[in-house]
>>> print(open('upload25.tsv').read())   # TSV, N, CA and C atoms
chain	number	residue	atom	x	y	z
A	1078	MET	N	26.56	39.04	-70.62
A	1078	MET	CA	26.87	38.58	-69.28
A	1078	MET	C	28.31	38.06	-69.30
A	1079	VAL	N	29.04	38.39	-68.27
A	1079	VAL	CA	30.39	37.87	-68.09
A	1079	VAL	C	30.45	37.20	-66.72
A	1080	VAL	N	30.95	35.98	-66.69
A	1080	VAL	CA	31.19	35.30	-65.43
A	1080	VAL	C	32.68	35.46	-65.14
A	1081	ASN	N	33.00	36.13	-64.03
A	1081	ASN	CA	34.39	36.38	-63.68
A	1081	ASN	C	35.06	35.11	-63.15
A	1082	THR	N	36.36	35.15	-62.99
A	1082	THR	CA	37.11	33.98	-62.52
A	1082	THR	C	36.70	33.56	-61.12
A	1083	ASP	N	36.11	34.48	-60.34
A	1083	ASP	CA	35.64	34.12	-59.00
A	1083	ASP	C	34.19	33.64	-59.00
A	1084	GLY	N	33.59	33.55	-60.18
A	1084	GLY	CA	32.23	33.05	-60.31
A	1084	GLY	C	31.16	34.13	-60.25
A	1085	LYS	N	31.53	35.36	-59.97
A	1085	LYS	CA	30.54	36.44	-59.91
A	1085	LYS	C	30.12	36.83	-61.32
A	1086	LYS	N	28.82	37.10	-61.47
A	1086	LYS	CA	28.27	37.46	-62.78
A	1086	LYS	C	28.17	38.97	-62.90
A	1087	GLN	N	28.47	39.46	-64.10
A	1087	GLN	CA	28.45	40.89	-64.36
A	1087	GLN	C	27.71	41.13	-65.68
A	1088	VAL	N	26.70	41.99	-65.63
A	1088	VAL	CA	25.98	42.35	-66.85
A	1088	VAL	C	26.86	43.33	-67.62
A	1089	ALA	N	27.18	42.96	-68.86
A	1089	ALA	CA	28.09	43.77	-69.65
A	1089	ALA	C	27.38	44.58	-70.73
A	1090	GLY	N	26.09	44.33	-70.94
A	1090	GLY	CA	25.35	45.05	-71.97
A	1090	GLY	C	23.94	44.51	-72.08
A	1091	LYS	N	23.24	44.94	-73.11
A	1091	LYS	CA	21.86	44.54	-73.32
A	1091	LYS	C	21.75	43.86	-74.69
A	1092	VAL	N	20.94	42.82	-74.75
A	1092	VAL	CA	20.72	42.12	-76.02
A	1092	VAL	C	19.22	42.01	-76.25
A	1093	GLY	N	18.85	41.58	-77.45
A	1093	GLY	CA	17.45	41.36	-77.78
A	1093	GLY	C	16.77	42.60	-78.29
A	1094	ASN	N	15.49	42.43	-78.55
A	1094	ASN	CA	14.65	43.55	-78.95
A	1094	ASN	C	13.25	43.29	-78.40
A	1095	GLU	N	12.31	44.07	-78.79
A	1095	GLU	CA	10.96	43.95	-78.23
A	1095	GLU	C	10.07	42.96	-79.00
A	1096	ALA	N	10.62	42.25	-79.97
A	1096	ALA	CA	9.82	41.31	-80.77
A	1096	ALA	C	9.36	40.13	-79.91
A	1097	ASN	N	8.14	39.71	-80.14
A	1097	ASN	CA	7.59	38.54	-79.47
A	1097	ASN	C	7.57	37.37	-80.43
A	1098	LEU	N	7.84	36.18	-79.92
A	1098	LEU	CA	7.79	34.99	-80.75
A	1098	LEU	C	6.38	34.45	-80.78
A	1099	VAL	N	6.00	33.90	-81.92
A	1099	VAL	CA	4.70	33.25	-82.05
A	1099	VAL	C	4.96	31.76	-82.02
A	1100	GLY	N	4.40	31.09	-81.01
A	1100	GLY	CA	4.69	29.68	-80.78
A	1100	GLY	C	4.28	28.75	-81.91
A	1101	THR	N	3.41	29.19	-82.80
A	1101	THR	CA	2.97	28.32	-83.89
A	1101	THR	C	3.72	28.56	-85.19
A	1102	GLU	N	4.68	29.47	-85.18
A	1102	GLU	CA	5.46	29.77	-86.38
A	1102	GLU	C	6.87	29.21	-86.25
A	1103	TRP	N	7.54	29.00	-87.39
A	1103	TRP	CA	8.92	28.53	-87.39
A	1103	TRP	C	9.83	29.66	-86.93
A	1104	ASN	N	10.80	29.32	-86.10
A	1104	ASN	CA	11.82	30.27	-85.66
A	1104	ASN	C	13.18	29.65	-85.92
A	1105	GLU	N	14.13	30.48	-86.25
A	1105	GLU	CA	15.49	30.00	-86.51
A	1105	GLU	C	16.34	30.23	-85.27
A	1106	LEU	N	16.91	29.15	-84.75
A	1106	LEU	CA	17.77	29.22	-83.57
A	1106	LEU	C	19.21	28.99	-84.02
A	1107	ARG	N	20.09	29.88	-83.61
A	1107	ARG	CA	21.51	29.76	-83.94
A	1107	ARG	C	22.30	29.84	-82.64
A	1108	ILE	N	23.19	28.86	-82.43
A	1108	ILE	CA	24.04	28.85	-81.25
A	1108	ILE	C	25.49	28.89	-81.72
A	1109	VAL	N	26.23	29.89	-81.25
A	1109	VAL	CA	27.65	30.01	-81.57
A	1109	VAL	C	28.41	29.73	-80.28
A	1110	ALA	N	29.24	28.71	-80.30
A	1110	ALA	CA	30.03	28.35	-79.12
A	1110	ALA	C	31.50	28.33	-79.53
A	1111	VAL	N	32.24	29.33	-79.08
A	1111	VAL	CA	33.65	29.43	-79.41
A	1111	VAL	C	34.41	29.65	-78.10
A	1112	GLY	N	35.22	28.68	-77.74
A	1112	GLY	CA	35.98	28.80	-76.49
A	1112	GLY	C	35.04	28.95	-75.31
A	1113	ASN	N	35.20	30.01	-74.56
A	1113	ASN	CA	34.38	30.23	-73.37
A	1113	ASN	C	33.21	31.18	-73.62
A	1114	ARG	N	32.90	31.41	-74.88
A	1114	ARG	CA	31.82	32.34	-75.22
A	1114	ARG	C	30.68	31.61	-75.92
A	1115	LEU	N	29.45	31.88	-75.46
A	1115	LEU	CA	28.24	31.31	-76.04
A	1115	LEU	C	27.32	32.44	-76.47
A	1116	ILE	N	26.88	32.38	-77.71
A	1116	ILE	CA	25.94	33.38	-78.23
A	1116	ILE	C	24.72	32.63	-78.75
A	1117	HIS	N	23.54	33.04	-78.29
A	1117	HIS	CA	22.29	32.45	-78.75
A	1117	HIS	C	21.53	33.51	-79.53
A	1118	GLN	N	21.04	33.12	-80.72
A	1118	GLN	CA	20.27	34.04	-81.54
A	1118	GLN	C	18.96	33.36	-81.94
A	1119	VAL	N	17.88	34.14	-81.94
A	1119	VAL	CA	16.59	33.67	-82.41
A	1119	VAL	C	16.15	34.63	-83.51
A	1120	ASN	N	15.93	34.07	-84.70
A	1120	ASN	CA	15.52	34.86	-85.86
A	1120	ASN	C	16.47	36.04	-86.10
A	1121	GLY	N	17.76	35.79	-85.94
A	1121	GLY	CA	18.78	36.79	-86.21
A	1121	GLY	C	19.00	37.81	-85.10
A	1122	VAL	N	18.26	37.70	-84.01
A	1122	VAL	CA	18.39	38.62	-82.88
A	1122	VAL	C	19.15	37.92	-81.76
A	1123	THR	N	20.24	38.53	-81.29
A	1123	THR	CA	20.99	37.95	-80.19
A	1123	THR	C	20.16	38.05	-78.92
A	1124	THR	N	19.90	36.89	-78.30
A	1124	THR	CA	19.10	36.86	-77.08
A	1124	THR	C	19.95	36.57	-75.85
A	1125	SER	N	21.15	36.06	-76.06
A	1125	SER	CA	22.05	35.76	-74.95
A	1125	SER	C	23.48	35.78	-75.47
A	1126	ASP	N	24.37	36.40	-74.70
A	1126	ASP	CA	25.79	36.45	-75.05
A	1126	ASP	C	26.55	36.33	-73.73
A	1127	ILE	N	27.15	35.18	-73.51
A	1127	ILE	CA	27.80	34.88	-72.24
A	1127	ILE	C	29.27	34.53	-72.46
A	1128	THR	N	30.14	35.16	-71.69
A	1128	THR	CA	31.55	34.79	-71.65
A	1128	THR	C	31.84	34.27	-70.25
A	1129	ASP	N	32.24	33.00	-70.16
A	1129	ASP	CA	32.45	32.36	-68.86
A	1129	ASP	C	33.94	32.19	-68.60
A	1130	ASN	N	34.47	33.02	-67.70
A	1130	ASN	CA	35.89	32.99	-67.37
A	1130	ASN	C	36.20	32.17	-66.12
A	1131	HIS	N	35.19	31.52	-65.55
A	1131	HIS	CA	35.41	30.73	-64.34
A	1131	HIS	C	36.32	29.55	-64.66
A	1132	PRO	N	37.32	29.26	-63.82
A	1132	PRO	CA	38.26	28.17	-64.12
A	1132	PRO	C	37.61	26.79	-64.18
A	1133	LYS	N	36.44	26.61	-63.56
A	1133	LYS	CA	35.76	25.31	-63.59
A	1133	LYS	C	34.67	25.25	-64.66
A	1134	ALA	N	34.61	26.25	-65.53
A	1134	ALA	CA	33.61	26.25	-66.60
A	1134	ALA	C	33.87	25.07	-67.54
A	1135	LEU	N	32.80	24.41	-67.94
A	1135	LEU	CA	32.94	23.27	-68.85
A	1135	LEU	C	33.34	23.76	-70.23
A	1136	SER	N	34.26	23.06	-70.87
A	1136	SER	CA	34.71	23.45	-72.20
A	1136	SER	C	34.29	22.46	-73.27
A	1137	LYS	N	33.61	21.38	-72.86
A	1137	LYS	CA	33.08	20.44	-73.84
A	1137	LYS	C	31.89	19.73	-73.22
A	1138	GLY	N	31.06	19.17	-74.07
A	1138	GLY	CA	29.86	18.49	-73.61
A	1138	GLY	C	28.83	18.45	-74.71
A	1139	ILE	N	27.58	18.24	-74.33
A	1139	ILE	CA	26.51	18.14	-75.32
A	1139	ILE	C	25.75	19.46	-75.41
A	1140	VAL	N	25.10	19.65	-76.53
A	1140	VAL	CA	24.20	20.78	-76.72
A	1140	VAL	C	22.79	20.21	-76.70
A	1141	ALA	N	21.94	20.76	-75.86
A	1141	ALA	CA	20.57	20.26	-75.75
A	1141	ALA	C	19.61	21.44	-75.67
A	1142	LEU	N	18.40	21.23	-76.11
A	1142	LEU	CA	17.36	22.24	-75.99
A	1142	LEU	C	16.45	21.85	-74.84
A	1143	GLN	N	16.05	22.82	-74.05
A	1143	GLN	CA	15.24	22.57	-72.86
A	1143	GLN	C	13.86	23.18	-73.02
A	1144	LEU	N	12.83	22.37	-72.75
A	1144	LEU	CA	11.47	22.88	-72.69
A	1144	LEU	C	11.15	23.17	-71.23
A	1145	HIS	N	10.39	24.19	-70.99
A	1145	HIS	CA	10.07	24.59	-69.62
A	1145	HIS	C	8.80	23.90	-69.14
A	1146	ALA	N	8.66	23.80	-67.83
A	1146	ALA	CA	7.47	23.21	-67.22
A	1146	ALA	C	6.26	24.07	-67.54
A	1147	GLY	N	5.12	23.44	-67.55
A	1147	GLY	CA	3.88	24.17	-67.83
A	1147	GLY	C	2.99	23.36	-68.75
A	1148	PRO	N	2.20	24.03	-69.56
A	1148	PRO	CA	1.30	23.31	-70.45
A	1148	PRO	C	2.11	22.50	-71.47
A	1149	PRO	N	1.49	21.47	-72.05
A	1149	PRO	CA	2.20	20.64	-73.04
A	1149	PRO	C	2.80	21.50	-74.15
A	1150	MET	N	4.03	21.15	-74.55
A	1150	MET	CA	4.74	21.87	-75.60
A	1150	MET	C	5.16	20.90	-76.69
A	1151	LYS	N	5.48	21.45	-77.83
A	1151	LYS	CA	5.95	20.65	-78.94
A	1151	LYS	C	7.14	21.35	-79.57
A	1152	ALA	N	8.21	20.62	-79.85
A	1152	ALA	CA	9.36	21.17	-80.55
A	1152	ALA	C	9.54	20.38	-81.84
A	1153	GLU	N	9.72	21.07	-82.96
A	1153	GLU	CA	9.95	20.42	-84.24
A	1153	GLU	C	11.24	20.96	-84.84
A	1154	PHE	N	11.93	20.13	-85.56
A	1154	PHE	CA	13.20	20.51	-86.17
A	1154	PHE	C	13.15	20.20	-87.65
A	1155	ARG	N	13.74	21.02	-88.45
A	1155	ARG	CA	13.84	20.74	-89.89
A	1155	ARG	C	15.19	21.18	-90.39
>>> encode(input="upload25.tsv", output="structure tokens")
Amino acid sequence: MVVNTDGKKQVAGKVGNEANLVGTEWNELRIVAVGNRLIHQVNGVTTSDITDNHPKALSKGIVALQLHAGPPMKAEFR
């Protein structure tokens, strides 16, 4: 995904594969943040690759993990 300077989003390619995650198994999450580019990988598979060229894009801040609404969830870190 590329966010243009006018804020419009453009799909630039496809990421991921057909693998399903098992919620009770350990998964490795890797986040690469360099300049205006963010790459998210789960178990070595790129799941998101975003380049944000918008002039108001944030260039610093916190990294946080978000759980979605629904049944109770648990996140563990090691």
>>> closest_residue(input="upload25.tsv", among="A:Arg1155, A:Ala1134, A:Met1078, A:Thr1123", to="Glu1095 (chain A)", atoms="only C-alpha atoms")
A:Thr1123
>>> atom_distance(input="upload25.tsv", atom1="CA of Phe1154 (chain A)", atom2="CA of Glu1102 (chain A)")
12.1 Å
>>> residues_around(input="upload25.tsv", residues="Leu1106 (chain A)", least_positions_apart="4", cutoff="6.5 Å", atoms="only N, CA and C atoms", output="PyMOL selection string")
chain A and resi 1118-1120
>>> atom_distance(input="upload25.tsv", atom1="atom C of Asn1113 (chain A)", atom2="atom C of Ala1141 (chain A)")
16.9 Å
>>> atom_distance(input="upload25.tsv", atom1="atom N of Leu1142 (chain A)", atom2="atom C of Asn1104 (chain A)")
13.9 Å
>>> build_atoms(input="upload25.tsv", residues="region 1100-1111 of chain A", atoms="all heavy atoms", output="mmCIF file, keeping the file's coordinate frame")
data_model
loop_
_atom_site.group_PDB
_atom_site.id
_atom_site.type_symbol
_atom_site.label_atom_id
_atom_site.label_comp_id
_atom_site.auth_asym_id
_atom_site.auth_seq_id
_atom_site.Cartn_x
_atom_site.Cartn_y
_atom_site.Cartn_z
ATOM 1 N N GLY A 1100 4.400 31.090 -81.010
ATOM 2 C CA GLY A 1100 4.690 29.680 -80.780
ATOM 3 C C GLY A 1100 4.280 28.750 -81.910
ATOM 4 O O GLY A 1100 4.776 27.637 -81.994
ATOM 5 N N THR A 1101 3.410 29.190 -82.800
ATOM 6 C CA THR A 1101 2.970 28.320 -83.890
ATOM 7 C C THR A 1101 3.720 28.560 -85.190
ATOM 8 O O THR A 1101 3.439 27.938 -86.192
ATOM 9 C CB THR A 1101 1.463 28.507 -84.136
ATOM 10 O OG1 THR A 1101 1.223 29.891 -84.448
ATOM 11 C CG2 THR A 1101 0.661 28.101 -82.922
ATOM 12 N N GLU A 1102 4.680 29.470 -85.180
ATOM 13 C CA GLU A 1102 5.460 29.770 -86.380
ATOM 14 C C GLU A 1102 6.870 29.210 -86.250
ATOM 15 O O GLU A 1102 7.364 28.979 -85.149
ATOM 16 C CB GLU A 1102 5.530 31.290 -86.596
ATOM 17 C CG GLU A 1102 4.185 31.911 -86.900
ATOM 18 C CD GLU A 1102 4.278 33.412 -87.124
ATOM 19 O OE1 GLU A 1102 5.396 33.964 -87.148
ATOM 20 O OE2 GLU A 1102 3.218 34.031 -87.256
ATOM 21 N N TRP A 1103 7.540 29.000 -87.390
ATOM 22 C CA TRP A 1103 8.920 28.530 -87.390
ATOM 23 C C TRP A 1103 9.830 29.660 -86.930
ATOM 24 O O TRP A 1103 9.661 30.810 -87.316
ATOM 25 C CB TRP A 1103 9.341 28.080 -88.786
ATOM 26 C CG TRP A 1103 8.780 26.748 -89.161
ATOM 27 C CD1 TRP A 1103 7.709 26.525 -89.968
ATOM 28 C CD2 TRP A 1103 9.254 25.466 -88.748
ATOM 29 N NE1 TRP A 1103 7.486 25.180 -90.073
ATOM 30 C CE2 TRP A 1103 8.417 24.499 -89.340
ATOM 31 C CE3 TRP A 1103 10.292 25.041 -87.935
ATOM 32 C CZ2 TRP A 1103 8.594 23.143 -89.153
ATOM 33 C CZ3 TRP A 1103 10.468 23.683 -87.734
ATOM 34 C CH2 TRP A 1103 9.631 22.752 -88.342
ATOM 35 N N ASN A 1104 10.800 29.320 -86.100
ATOM 36 C CA ASN A 1104 11.820 30.270 -85.660
ATOM 37 C C ASN A 1104 13.180 29.650 -85.920
ATOM 38 O O ASN A 1104 13.352 28.440 -85.848
ATOM 39 C CB ASN A 1104 11.675 30.554 -84.155
ATOM 40 C CG ASN A 1104 10.391 31.271 -83.840
ATOM 41 O OD1 ASN A 1104 10.255 32.444 -84.140
ATOM 42 N ND2 ASN A 1104 9.432 30.568 -83.268
ATOM 43 N N GLU A 1105 14.130 30.480 -86.250
ATOM 44 C CA GLU A 1105 15.490 30.000 -86.510
ATOM 45 C C GLU A 1105 16.340 30.230 -85.270
ATOM 46 O O GLU A 1105 16.455 31.356 -84.783
ATOM 47 C CB GLU A 1105 16.101 30.757 -87.688
ATOM 48 C CG GLU A 1105 17.520 30.315 -88.001
ATOM 49 C CD GLU A 1105 18.114 31.082 -89.163
ATOM 50 O OE1 GLU A 1105 17.406 31.287 -90.164
ATOM 51 O OE2 GLU A 1105 19.280 31.483 -89.052
ATOM 52 N N LEU A 1106 16.910 29.150 -84.750
ATOM 53 C CA LEU A 1106 17.770 29.220 -83.570
ATOM 54 C C LEU A 1106 19.210 28.990 -84.020
ATOM 55 O O LEU A 1106 19.501 28.034 -84.724
ATOM 56 C CB LEU A 1106 17.361 28.153 -82.553
ATOM 57 C CG LEU A 1106 18.253 27.997 -81.326
ATOM 58 C CD1 LEU A 1106 18.231 29.269 -80.477
ATOM 59 C CD2 LEU A 1106 17.800 26.808 -80.492
ATOM 60 N N ARG A 1107 20.090 29.880 -83.610
ATOM 61 C CA ARG A 1107 21.510 29.760 -83.940
ATOM 62 C C ARG A 1107 22.300 29.840 -82.640
ATOM 63 O O ARG A 1107 22.097 30.750 -81.838
ATOM 64 C CB ARG A 1107 21.942 30.891 -84.868
ATOM 65 C CG ARG A 1107 23.399 30.830 -85.262
ATOM 66 C CD ARG A 1107 23.724 31.918 -86.277
ATOM 67 N NE ARG A 1107 25.088 31.788 -86.713
ATOM 68 C CZ ARG A 1107 25.970 32.782 -86.708
ATOM 69 N NH1 ARG A 1107 25.607 33.981 -86.330
ATOM 70 N NH2 ARG A 1107 27.201 32.579 -87.104
ATOM 71 N N ILE A 1108 23.190 28.860 -82.430
ATOM 72 C CA ILE A 1108 24.040 28.850 -81.250
ATOM 73 C C ILE A 1108 25.490 28.890 -81.720
ATOM 74 O O ILE A 1108 25.911 28.051 -82.511
ATOM 75 C CB ILE A 1108 23.797 27.587 -80.403
ATOM 76 C CG1 ILE A 1108 22.343 27.552 -79.927
ATOM 77 C CG2 ILE A 1108 24.760 27.546 -79.221
ATOM 78 C CD1 ILE A 1108 21.957 26.269 -79.253
ATOM 79 N N VAL A 1109 26.230 29.890 -81.250
ATOM 80 C CA VAL A 1109 27.650 30.010 -81.570
ATOM 81 C C VAL A 1109 28.410 29.730 -80.280
ATOM 82 O O VAL A 1109 28.200 30.419 -79.275
ATOM 83 C CB VAL A 1109 27.982 31.427 -82.100
ATOM 84 C CG1 VAL A 1109 29.463 31.535 -82.411
ATOM 85 C CG2 VAL A 1109 27.138 31.760 -83.317
ATOM 86 N N ALA A 1110 29.240 28.710 -80.300
ATOM 87 C CA ALA A 1110 30.030 28.350 -79.120
ATOM 88 C C ALA A 1110 31.500 28.330 -79.530
ATOM 89 O O ALA A 1110 31.932 27.443 -80.261
ATOM 90 C CB ALA A 1110 29.604 26.994 -78.585
ATOM 91 N N VAL A 1111 32.240 29.330 -79.080
ATOM 92 C CA VAL A 1111 33.650 29.430 -79.410
ATOM 93 C C VAL A 1111 34.410 29.650 -78.100
ATOM 94 O O VAL A 1111 34.226 30.684 -77.440
ATOM 95 C CB VAL A 1111 33.926 30.592 -80.385
ATOM 96 C CG1 VAL A 1111 35.412 30.692 -80.689
ATOM 97 C CG2 VAL A 1111 33.126 30.428 -81.662
#
